[in-house]
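Structure data (PDB, C-alpha atoms) from input05.pdb:
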ATOM      1  CA  MET A   1      89.828  16.396  14.838
ATOM      2  CA  PRO A   2      87.808  18.232  17.492
ATOM      3  CA  ASN A   3      89.152  21.477  18.858
ATOM      4  CA  ILE A   4      90.459  20.640  22.339
ATOM      5  CA  PHE A   5      89.488  24.094  23.538
ATOM      6  CA  SER A   6      85.862  23.754  22.434
ATOM      7  CA  TRP A   7      83.732  23.842  25.578
ATOM      8  CA  ARG A   8      81.066  21.474  24.319
ATOM      9  CA  ALA A   9      82.343  19.235  21.580
ATOM     10  CA  SER A  10      80.697  16.306  19.820
ATOM     11  CA  LEU A  11      80.792  13.011  21.658
ATOM     12  CA  SER A  12      83.071  11.236  19.200
ATOM     13  CA  PRO A  13      85.969  10.522  19.349
ATOM     14  CA  TRP A  14      86.362  11.957  22.847
ATOM     15  CA  SER A  15      83.963   9.606  24.616
ATOM     16  CA  PRO A  16      85.478   7.762  27.591
ATOM     17  CA  GLN A  17      87.193   4.517  26.641
ATOM     18  CA  PRO A  18      87.095   1.286  28.659
ATOM     19  CA  VAL A  19      89.914   0.984  31.176
ATOM     20  CA  ASP A  20      91.931  -1.898  29.759
ATOM     21  CA  GLY A  21      95.416  -1.054  30.959
ATOM     22  CA  PRO A  22      97.611   1.282  33.000
ATOM     23  CA  PRO A  23      98.682   4.739  31.826
ATOM     24  CA  PRO A  24     101.374   4.786  29.117
ATOM     25  CA  ALA A  25     104.826   4.142  30.610
ATOM     26  CA  TRP A  26     106.314   7.234  28.992
ATOM     27  CA  LEU A  27     104.105   9.459  31.142
ATOM     28  CA  ALA A  28     106.009   8.317  34.236
ATOM     29  CA  MET A  29     109.199   9.725  32.756
ATOM     30  CA  ILE A  30     107.742  13.237  32.751
ATOM     31  CA  GLU A  31     105.906  13.029  36.078
ATOM     32  CA  GLY A  32     108.587  15.359  37.454
ATOM     33  CA  ARG A  33     106.662  18.236  35.876
ATOM     34  CA  ALA A  34     104.759  18.242  39.160
ATOM     35  CA  PHE A  35     107.553  20.487  40.493
ATOM     36  CA  ILE A  36     106.835  22.956  37.694
ATOM     37  CA  GLU A  37     103.135  22.911  38.547
ATOM     38  CA  ALA A  38     103.917  23.610  42.199
ATOM     39  CA  SER A  39     106.322  26.401  41.271
ATOM     40  CA  THR A  40     103.554  28.241  39.419
ATOM     41  CA  ILE A  41     101.419  28.626  42.555
ATOM     42  CA  PRO A  42     103.105  31.836  43.820
ATOM     43  CA  LEU A  43     102.662  33.413  40.387
ATOM     44  CA  ALA A  44      99.051  32.235  40.054
ATOM     45  CA  LEU A  45      97.960  33.015  43.616
ATOM     46  CA  PRO A  46      96.969  36.678  43.004
ATOM     47  CA  TRP A  47      94.821  35.588  40.052
ATOM     48  CA  LEU A  48      93.271  32.765  42.077
ATOM     49  CA  LEU A  49      92.428  34.982  45.028
ATOM     50  CA  GLN A  50      90.840  37.518  42.698
ATOM     51  CA  ARG A  51      88.946  35.161  40.396
ATOM     52  CA  VAL A  52      87.918  32.162  42.517
ATOM     53  CA  PRO A  53      84.407  32.819  43.857
ATOM     54  CA  ARG A  54      83.983  32.961  47.637
ATOM     55  CA  GLY A  55      81.616  30.554  49.296
ATOM     56  CA  ASP A  56      80.045  30.479  52.750
ATOM     57  CA  GLY A  57      83.143  29.317  54.605
ATOM     58  CA  HIS A  58      81.873  25.845  55.500
ATOM     59  CA  ALA A  59      84.093  22.991  56.722
ATOM     60  CA  VAL A  60      86.237  21.004  54.266
ATOM     61  CA  LEU A  61      87.987  17.687  54.969
ATOM     62  CA  VAL A  62      90.962  16.894  52.667
ATOM     63  CA  MET A  63      92.409  13.371  52.274
ATOM     64  CA  PRO A  64      95.872  12.542  50.830
ATOM     65  CA  GLY A  65      96.919   9.882  48.332
ATOM     66  CA  LEU A  66      98.704   6.563  48.765
ATOM     67  CA  MET A  67     101.828   6.795  50.960
ATOM     68  CA  ALA A  68     101.183  10.517  51.538
ATOM     69  CA  SER A  69     100.183  12.352  54.704
ATOM     70  CA  ASP A  70      98.480  15.634  55.568
ATOM     71  CA  ALA A  71     101.730  17.413  54.686
ATOM     72  CA  SER A  72     100.988  16.796  50.993
ATOM     73  CA  THR A  73      97.628  18.580  51.173
ATOM     74  CA  ARG A  74      98.776  21.486  53.358
ATOM     75  CA  PRO A  75      99.241  23.967  50.454
ATOM     76  CA  LEU A  76      95.722  23.276  49.171
ATOM     77  CA  ARG A  77      94.267  23.576  52.661
ATOM     78  CA  GLN A  78      96.094  26.841  53.265
ATOM     79  CA  PHE A  79      94.634  28.208  50.037
ATOM     80  CA  LEU A  80      91.141  27.139  51.085
ATOM     81  CA  LYS A  81      91.621  28.791  54.472
ATOM     82  CA  ARG A  82      92.542  32.035  52.685
ATOM     83  CA  LEU A  83      89.187  31.751  50.919
ATOM     84  CA  GLY A  84      87.525  31.486  54.335
ATOM     85  CA  TYR A  85      86.861  27.732  54.525
ATOM     86  CA  GLN A  86      87.454  25.639  57.636
ATOM     87  CA  ALA A  87      89.859  23.220  55.939
ATOM     88  CA  ARG A  88      91.360  20.315  57.869
ATOM     89  CA  GLY A  89      93.517  17.292  57.060
ATOM     90  CA  TRP A  90      92.359  13.755  57.545
ATOM     91  CA  GLY A  91      94.426  13.172  60.715
ATOM     92  CA  GLN A  92      95.112   9.486  59.985
ATOM     93  CA  GLY A  93      98.857   9.672  59.381
ATOM     94  CA  ARG A  94     100.271   8.231  56.169
ATOM     95  CA  ASN A  95      97.665   6.839  53.770
ATOM     96  CA  LEU A  96      98.436   3.137  53.416
ATOM     97  CA  GLY A  97      94.954   2.174  52.259
ATOM     98  CA  PRO A  98      91.746   0.972  53.946
ATOM     99  CA  ARG A  99      93.471  -0.570  56.949
ATOM    100  CA  PRO A 100      91.583  -1.426  60.162
ATOM    101  CA  GLY A 101      90.405   1.649  62.031
ATOM    102  CA  VAL A 102      91.054   4.231  59.297
ATOM    103  CA  GLN A 103      87.523   4.479  57.977
ATOM    104  CA  GLU A 104      86.131   4.538  61.512
ATOM    105  CA  GLY A 105      88.575   7.320  62.389
ATOM    106  CA  LEU A 106      87.486   9.323  59.358
ATOM    107  CA  SER A 107      83.842   8.920  60.291
ATOM    108  CA  GLU A 108      84.587  10.264  63.775
ATOM    109  CA  ARG A 109      86.524  13.200  62.302
ATOM    110  CA  LEU A 110      83.661  14.033  59.942
ATOM    111  CA  GLN A 111      81.158  13.927  62.785
ATOM    112  CA  GLN A 112      83.349  16.199  64.906
ATOM    113  CA  MET A 113      83.789  18.699  62.051
ATOM    114  CA  HIS A 114      80.052  18.671  61.505
ATOM    115  CA  ARG A 115      79.449  19.424  65.172
ATOM    116  CA  ASP A 116      82.132  22.123  65.311
ATOM    117  CA  SER A 117      81.016  23.923  62.154
ATOM    118  CA  GLY A 118      77.289  23.445  62.582
ATOM    119  CA  GLY A 119      76.835  22.365  58.965
ATOM    120  CA  LYS A 120      77.596  19.797  56.335
ATOM    121  CA  VAL A 121      81.217  19.137  55.372
ATOM    122  CA  SER A 122      82.706  19.013  51.860
ATOM    123  CA  LEU A 123      85.116  16.127  51.217
ATOM    124  CA  ILE A 124      88.159  16.288  48.915
ATOM    125  CA  GLY A 125      90.377  13.290  48.202
ATOM    126  CA  TRP A 126      93.562  13.075  46.135
ATOM    127  CA  SER A 127      94.097   9.757  44.316
ATOM    128  CA  LEU A 128      93.448   6.968  46.866
ATOM    129  CA  GLY A 129      92.136   9.661  49.188
ATOM    130  CA  GLY A 130      89.314  10.214  46.701
ATOM    131  CA  LEU A 131      88.082   6.671  47.328
ATOM    132  CA  PHE A 132      88.045   7.338  51.069
ATOM    133  CA  ALA A 133      86.117  10.562  50.439
ATOM    134  CA  ARG A 134      83.512   8.824  48.305
ATOM    135  CA  GLU A 135      82.980   5.967  50.728
ATOM    136  CA  LEU A 136      82.817   8.328  53.689
ATOM    137  CA  ALA A 137      80.091  10.262  51.869
ATOM    138  CA  ARG A 138      78.303   7.003  51.128
ATOM    139  CA  GLN A 139      78.353   6.111  54.825
ATOM    140  CA  GLU A 140      77.498   9.600  56.106
ATOM    141  CA  PRO A 141      75.466  11.375  53.385
ATOM    142  CA  GLU A 142      73.523  13.443  55.898
ATOM    143  CA  LEU A 143      76.804  15.037  57.064
ATOM    144  CA  THR A 144      78.332  15.497  53.609
ATOM    145  CA  ARG A 145      77.804  18.546  51.412
ATOM    146  CA  GLN A 146      79.705  17.348  48.318
ATOM    147  CA  VAL A 147      82.655  15.195  47.229
ATOM    148  CA  MET A 148      85.610  15.941  44.956
ATOM    149  CA  SER A 149      88.201  13.392  43.828
ATOM    150  CA  LEU A 150      91.537  14.309  42.229
ATOM    151  CA  GLY A 151      92.914  11.650  39.884
ATOM    152  CA  SER A 152      91.191   8.789  41.713
ATOM    153  CA  PRO A 153      90.722   5.258  40.276
ATOM    154  CA  LEU A 154      86.935   5.231  40.479
ATOM    155  CA  TYR A 155      86.091   2.446  38.045
ATOM    156  CA  GLY A 156      87.686  -0.354  36.041
ATOM    157  CA  THR A 157      89.506  -3.529  37.035
ATOM    158  CA  PRO A 158      91.517  -3.004  40.242
ATOM    159  CA  GLY A 159      95.207  -2.944  39.424
ATOM    160  CA  ALA A 160      94.649  -2.727  35.682
ATOM    161  CA  ASP A 161      93.877   0.977  35.903
ATOM    162  CA  SER A 162      97.067   1.986  37.730
ATOM    163  CA  ASN A 163     100.809   2.226  37.309
ATOM    164  CA  PRO A 164     102.159  -1.318  38.072
ATOM    165  CA  LEU A 165     104.669  -0.036  40.637
ATOM    166  CA  VAL A 166     101.983   1.880  42.525
ATOM    167  CA  TRP A 167      99.726  -1.177  42.475
ATOM    168  CA  GLN A 168     102.516  -3.305  43.953
ATOM    169  CA  ILE A 169     102.945  -0.783  46.755
ATOM    170  CA  TYR A 170      99.216  -0.867  47.462
ATOM    171  CA  LYS A 171      99.271  -4.685  47.563
ATOM    172  CA  GLN A 172     101.996  -4.647  50.224
ATOM    173  CA  PHE A 173      99.575  -3.132  52.710
ATOM    174  CA  ASN A 174      96.074  -4.145  51.629
ATOM    175  CA  GLU A 175      93.794  -7.013  50.712
ATOM    176  CA  THR A 176      93.253  -7.019  46.931
ATOM    177  CA  ARG A 177      90.521  -9.592  46.412
ATOM    178  CA  PRO A 178      87.861  -8.119  44.063
ATOM    179  CA  GLU A 179      85.106  -8.316  46.661
ATOM    180  CA  HIS A 180      87.235  -6.412  49.181
ATOM    181  CA  ILE A 181      88.095  -3.629  46.735
ATOM    182  CA  LYS A 182      84.497  -3.386  45.522
ATOM    183  CA  ALA A 183      83.351  -2.911  49.113
ATOM    184  CA  PHE A 184      85.839  -0.051  49.489
ATOM    185  CA  ARG A 185      85.412   1.506  46.054
ATOM    186  CA  GLY A 186      81.729   0.992  45.276
ATOM    187  CA  ASP A 187      80.269   0.894  41.785
ATOM    188  CA  CYS A 188      78.628   4.327  41.571
ATOM    189  CA  ALA A 189      78.897   7.862  42.941
ATOM    190  CA  PRO A 190      77.797   8.522  46.532
ATOM    191  CA  PRO A 191      74.334  10.077  47.033
ATOM    192  CA  VAL A 192      75.664  13.666  47.208
ATOM    193  CA  PRO A 193      76.967  16.093  44.533
ATOM    194  CA  THR A 194      80.178  14.521  43.220
ATOM    195  CA  THR A 195      82.936  15.902  40.972
ATOM    196  CA  SER A 196      85.893  14.056  39.470
ATOM    197  CA  ILE A 197      88.929  16.168  38.543
ATOM    198  CA  TYR A 198      91.379  14.275  36.335
ATOM    199  CA  SER A 199      94.094  14.598  33.690
ATOM    200  CA  ARG A 200      94.896  12.620  30.557
ATOM    201  CA  GLY A 201      98.528  13.235  31.486
ATOM    202  CA  ASP A 202      98.164  11.229  34.725
ATOM    203  CA  SER A 203     100.979   8.642  34.914
ATOM    204  CA  VAL A 204      99.612   6.822  37.976
ATOM    205  CA  VAL A 205      95.891   6.312  37.279
ATOM    206  CA  ALA A 206      94.482   5.706  33.788
ATOM    207  CA  TRP A 207      92.400   8.801  33.069
ATOM    208  CA  ALA A 208      89.381   6.813  31.891
ATOM    209  CA  ALA A 209      89.195   5.168  35.328
ATOM    210  CA  SER A 210      88.570   8.620  36.810
ATOM    211  CA  VAL A 211      85.545   9.463  34.668
ATOM    212  CA  GLU A 212      82.397   9.674  36.773
ATOM    213  CA  HIS A 213      79.051   8.254  35.687
ATOM    214  CA  ASP A 214      76.639  10.860  34.385
ATOM    215  CA  SER A 215      73.802  12.228  36.502
ATOM    216  CA  ASP A 216      72.362  15.578  37.521
ATOM    217  CA  ALA A 217      74.591  15.469  40.619
ATOM    218  CA  THR A 218      77.918  14.404  39.052
ATOM    219  CA  ASP A 219      80.500  16.173  36.918
ATOM    220  CA  ASN A 220      83.942  15.649  35.350
ATOM    221  CA  ILE A 221      86.574  18.381  35.032
ATOM    222  CA  GLU A 222      89.689  17.747  32.964
ATOM    223  CA  ILE A 223      92.869  19.604  33.866
ATOM    224  CA  ASN A 224      94.824  19.577  30.645
ATOM    225  CA  SER A 225      98.183  17.729  30.858
ATOM    226  CA  ALA A 226      98.461  17.878  34.667
ATOM    227  CA  SER A 227     100.656  15.278  36.349
ATOM    228  CA  HIS A 228      99.297  12.940  39.009
ATOM    229  CA  LEU A 229     101.679  14.199  41.697
ATOM    230  CA  GLY A 230     100.916  17.768  40.690
ATOM    231  CA  LEU A 231      97.130  17.598  40.944
ATOM    232  CA  GLY A 232      97.199  18.925  44.488
ATOM    233  CA  PHE A 233      99.443  21.846  43.484
ATOM    234  CA  ASN A 234      98.068  22.767  40.085
ATOM    235  CA  PRO A 235      96.525  26.281  39.935
ATOM    236  CA  LEU A 236      93.750  25.103  37.622
ATOM    237  CA  VAL A 237      92.844  22.350  40.087
ATOM    238  CA  TRP A 238      92.704  24.953  42.847
ATOM    239  CA  TYR A 239      90.445  27.107  40.691
ATOM    240  CA  ALA A 240      88.085  24.193  40.010
ATOM    241  CA  VAL A 241      88.035  23.137  43.666
ATOM    242  CA  GLY A 242      87.287  26.693  44.786
ATOM    243  CA  ASP A 243      84.521  27.016  42.221
ATOM    244  CA  ARG A 244      82.911  23.778  43.408
ATOM    245  CA  LEU A 245      83.104  24.729  47.092
ATOM    246  CA  ALA A 246      81.400  28.054  46.373
ATOM    247  CA  GLN A 247      78.275  26.313  45.048
ATOM    248  CA  PRO A 248      75.335  27.158  47.331
ATOM    249  CA  GLU A 249      74.184  24.258  49.458
ATOM    250  CA  GLY A 250      71.148  22.691  47.860
ATOM    251  CA  ASN A 251      71.773  24.441  44.534
ATOM    252  CA  TRP A 252      74.834  22.615  43.181
ATOM    253  CA  GLN A 253      75.471  23.126  39.450
ATOM    254  CA  LYS A 254      77.875  21.547  36.981
ATOM    255  CA  PHE A 255      81.160  23.347  36.330
ATOM    256  CA  ASP A 256      80.718  26.350  34.048
ATOM    257  CA  PRO A 257      83.447  28.967  34.578
ATOM    258  CA  PRO A 258      83.014  32.474  33.158
ATOM    259  CA  PRO A 259      84.541  33.318  29.750
ATOM    260  CA  PRO A 260      87.861  34.721  31.027
ATOM    261  CA  GLU A 261      88.699  31.308  32.563
ATOM    262  CA  ARG A 262      86.738  29.063  30.220
ATOM    263  CA  TRP A 263      89.534  28.763  27.658
ATOM    264  CA  LEU A 264      91.867  27.334  30.329
ATOM    265  CA  PHE A 265      89.841  24.145  30.559
ATOM    266  CA  PRO A 266      89.464  21.520  27.798
ATOM    267  CA  ARG A 267      86.125  20.660  26.218
ATOM    268  CA  ARG A 268      83.594  18.983  28.462
ATOM    269  CA  LEU A 269      84.038  15.234  28.538
ATOM    270  CA  PRO A 270      80.834  13.239  28.030
ATOM    271  CA  SER A 271      80.264  11.100  31.112
ATOM    272  CA  ARG A 272      79.757   7.370  30.964
TER     273      ARG A 272
END
As structure tokens, what does this structure read like?
Amino acid sequence: MPNIFSWRASLSPWSPQPVDGPPPAWLAMIEGRAFIEASTIPLALPWLLQRVPRGDGHAVLVMPGLMASDASTRPLRQFLKRLGYQARGWGQGRNLGPRPGVQEGLSERLQQMHRDSGGKVSLIGWSLGGLFARELARQEPELTRQVMSLGSPLYGTPGADSNPLVWQIYKQFNETRPEHIKAFRGDCAPPVPTTSIYSRGDSVVAWAASVEHDSDATDNIEINSASHLGLGFNPLVWYAVGDRLAQPEGNWQKFDPPPPERWLFPRRLPSR
């Protein structure tokens, strides 16, 4: 069995598997560990502020998950502001899916942030918010610096890659015909540097659905055993996000933390 702490392990048996079902039901019973993840932030904050590299302070737009609002991403945005970034919420209220006017509103917000900051904007999306981030970057690549998704259902059969209860909630508010979802989700990464941050302990989205296709401008970062609801509060997620934002514009590189932090992250997952 491969060593889970090996940074670059052999491809088998850790290669991504086809998404043929939702996450195991037992994971939902321990999703409450998200509160533990959030409670570690005050303890981890001094380490994060010391070890996360500083970037150039560019603008960052953060999008929440299904049924969540900007309140859910406030702690992450506050952390990014402490690092010097111009972090803002999506400003679209509660995320109920790709309803009329939402994507147009996001495009206007991105354009305004681009004008205000005088540079390209990085996009971060949690769960369903990651799909909005990717499609916004696909529509406005000239305004987008990079994209990060946290536990987002990027690929696979719509509905089959998610917790059944969450999928039912999504269906209450949105059209679910395959052609509609494909138009919203796309079938590849947007034409900008793109990182997927995911966890095999995700009880809402099957982890294999979050694995990005391989290219020189894409990467996958596994956060070992993180919960879905805790991805926005997990110190290791914050470290990875900060590392990605600090990449110089035009010289984006795949995730490669220095040795003191390297052991905190599982082996690199081969992309599709």
Going by the chain IDs and residue numbers used in this file, which residues fall under the PyMOL selection byres ((chain A and resi 188-204) around 8)? Write them as a PyMOL selection string. chain A and resi 22-25+27-28+31+134-135+137-138+141+144-152+162-163+166+186-187+205-207+210-213+217-228+237+252
Please provide as a PyMOL selection string all residues within 12 Å of Gly159 (chain A), with the sequence filter that same-chain residues fewer than 3 positions apart are discarded (counting only C-alpha atoms). chain A and resi 19-23+153-156+162-171+176-178+181+204-206+209
Write a file of the just-selected residues containing C-alpha atoms, as a PDB file, keeping the file's coordinate frame.
ATOM      1  CA  VAL A  19      89.914   0.984  31.176  1.00  0.00           C
ATOM      2  CA  ASP A  20      91.931  -1.898  29.759  1.00  0.00           C
ATOM      3  CA  GLY A  21      95.416  -1.054  30.959  1.00  0.00           C
ATOM      4  CA  PRO A  22      97.611   1.282  33.000  1.00  0.00           C
ATOM      5  CA  PRO A  23      98.682   4.739  31.826  1.00  0.00           C
ATOM      6  CA  PRO A 153      90.722   5.258  40.276  1.00  0.00           C
ATOM      7  CA  LEU A 154      86.935   5.231  40.479  1.00  0.00           C
ATOM      8  CA  TYR A 155      86.091   2.446  38.045  1.00  0.00           C
ATOM      9  CA  GLY A 156      87.686  -0.354  36.041  1.00  0.00           C
ATOM     10  CA  SER A 162      97.067   1.986  37.730  1.00  0.00           C
ATOM     11  CA  ASN A 163     100.809   2.226  37.309  1.00  0.00           C
ATOM     12  CA  PRO A 164     102.159  -1.318  38.072  1.00  0.00           C
ATOM     13  CA  LEU A 165     104.669  -0.036  40.637  1.00  0.00           C
ATOM     14  CA  VAL A 166     101.983   1.880  42.525  1.00  0.00           C
ATOM     15  CA  TRP A 167      99.726  -1.177  42.475  1.00  0.00           C
ATOM     16  CA  GLN A 168     102.516  -3.305  43.953  1.00  0.00           C
ATOM     17  CA  ILE A 169     102.945  -0.783  46.755  1.00  0.00           C
ATOM     18  CA  TYR A 170      99.216  -0.867  47.462  1.00  0.00           C
ATOM     19  CA  LYS A 171      99.271  -4.685  47.563  1.00  0.00           C
ATOM     20  CA  THR A 176      93.253  -7.019  46.931  1.00  0.00           C
ATOM     21  CA  ARG A 177      90.521  -9.592  46.412  1.00  0.00           C
ATOM     22  CA  PRO A 178      87.861  -8.119  44.063  1.00  0.00           C
ATOM     23  CA  ILE A 181      88.095  -3.629  46.735  1.00  0.00           C
ATOM     24  CA  VAL A 204      99.612   6.822  37.976  1.00  0.00           C
ATOM     25  CA  VAL A 205      95.891   6.312  37.279  1.00  0.00           C
ATOM     26  CA  ALA A 206      94.482   5.706  33.788  1.00  0.00           C
ATOM     27  CA  ALA A 209      89.195   5.168  35.328  1.00  0.00           C
TER      28      ALA A 209
END
Just say which residues the PyMOL selection byres ((chain A and resi 118-122) around 9) picks in this file, as an mmCIF file with C-alpha atoms, in the frame of the given file.
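Result file result-v2.cif:
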data_model
loop_
_atom_site.group_PDB
_atom_site.id
_atom_site.type_symbol
_atom_site.label_atom_id
_atom_site.label_comp_id
_atom_site.auth_asym_id
_atom_site.auth_seq_id
_atom_site.Cartn_x
_atom_site.Cartn_y
_atom_site.Cartn_z
ATOM 1 C CA HIS A 58 81.873 25.845 55.500
ATOM 2 C CA ALA A 59 84.093 22.991 56.722
ATOM 3 C CA VAL A 60 86.237 21.004 54.266
ATOM 4 C CA LEU A 61 87.987 17.687 54.969
ATOM 5 C CA VAL A 62 90.962 16.894 52.667
ATOM 6 C CA LEU A 110 83.661 14.033 59.942
ATOM 7 C CA MET A 113 83.789 18.699 62.051
ATOM 8 C CA HIS A 114 80.052 18.671 61.505
ATOM 9 C CA ARG A 115 79.449 19.424 65.172
ATOM 10 C CA ASP A 116 82.132 22.123 65.311
ATOM 11 C CA SER A 117 81.016 23.923 62.154
ATOM 12 C CA LEU A 123 85.116 16.127 51.217
ATOM 13 C CA ILE A 124 88.159 16.288 48.915
ATOM 14 C CA GLU A 142 73.523 13.443 55.898
ATOM 15 C CA LEU A 143 76.804 15.037 57.064
ATOM 16 C CA THR A 144 78.332 15.497 53.609
ATOM 17 C CA ARG A 145 77.804 18.546 51.412
ATOM 18 C CA GLN A 146 79.705 17.348 48.318
ATOM 19 C CA VAL A 147 82.655 15.195 47.229
ATOM 20 C CA MET A 148 85.610 15.941 44.956
ATOM 21 C CA LEU A 245 83.104 24.729 47.092
ATOM 22 C CA GLU A 249 74.184 24.258 49.458
#
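Shortest separation to Gln253 (chain A) among A:Met67, A:Tyr85, A:Arg77, A:Asp216 occurs at residue A:Asp216, atoms counted being all atoms listed in the file.
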Where does the PyMOL selection byres ((chain A and resi 235) around 8) land in this file, that is, which residues does it pick, as a PDB file with C-alpha atoms, in the frame of the given file?
ATOM      1  CA  GLU A  37     103.135  22.911  38.547  1.00  0.00           C
ATOM      2  CA  THR A  40     103.554  28.241  39.419  1.00  0.00           C
ATOM      3  CA  ILE A  41     101.419  28.626  42.555  1.00  0.00           C
ATOM      4  CA  ALA A  44      99.051  32.235  40.054  1.00  0.00           C
ATOM      5  CA  LEU A  45      97.960  33.015  43.616  1.00  0.00           C
ATOM      6  CA  LEU A  48      93.271  32.765  42.077  1.00  0.00           C
ATOM      7  CA  PHE A 233      99.443  21.846  43.484  1.00  0.00           C
ATOM      8  CA  ASN A 234      98.068  22.767  40.085  1.00  0.00           C
ATOM      9  CA  LEU A 236      93.750  25.103  37.622  1.00  0.00           C
ATOM     10  CA  VAL A 237      92.844  22.350  40.087  1.00  0.00           C
ATOM     11  CA  TRP A 238      92.704  24.953  42.847  1.00  0.00           C
ATOM     12  CA  TYR A 239      90.445  27.107  40.691  1.00  0.00           C
TER      13      TYR A 239
END
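Reported to one decimal place, the separation of CA of Asp243 (chain A) from CA of Pro53 (chain A) is 6.0 Å.
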How many Å separate CA of Leu136 (chain A) from CA of Ser69 (chain A)?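 It comes out at 17.9 Å.
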Any idea what the distance is between CA of Pro98 (chain A) and CA of Ala208 (chain A)? 22.9 Å
Using all atoms listed in the file, can you tell me which of A:Leu229, A:Thr73, A:Ser107, A:His180 comes closest to Arg33 (chain A)?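 Nearest candidate to Arg33 (chain A) out of A:Leu229, A:Thr73, A:Ser107, A:His180: A:Leu229.
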Show me the residues close to (94.6, 2.1, 51.0) - anything with an atom within 7 Å, counting all atoms listed in the file - and format the list as a VMD selection string. chain A and resid 66 95 to 99 128 170 174
Put the listed atoms of region 116-128 of chain A in a box along x, y and z with 6 Å added on every side and give me the centre and edge lengths in Å to one decimal, as JSON.
{"center_x": 85.5, "center_y": 15.4, "center_z": 54.8, "size_x": 29.3, "size_y": 29.0, "size_z": 33.0}
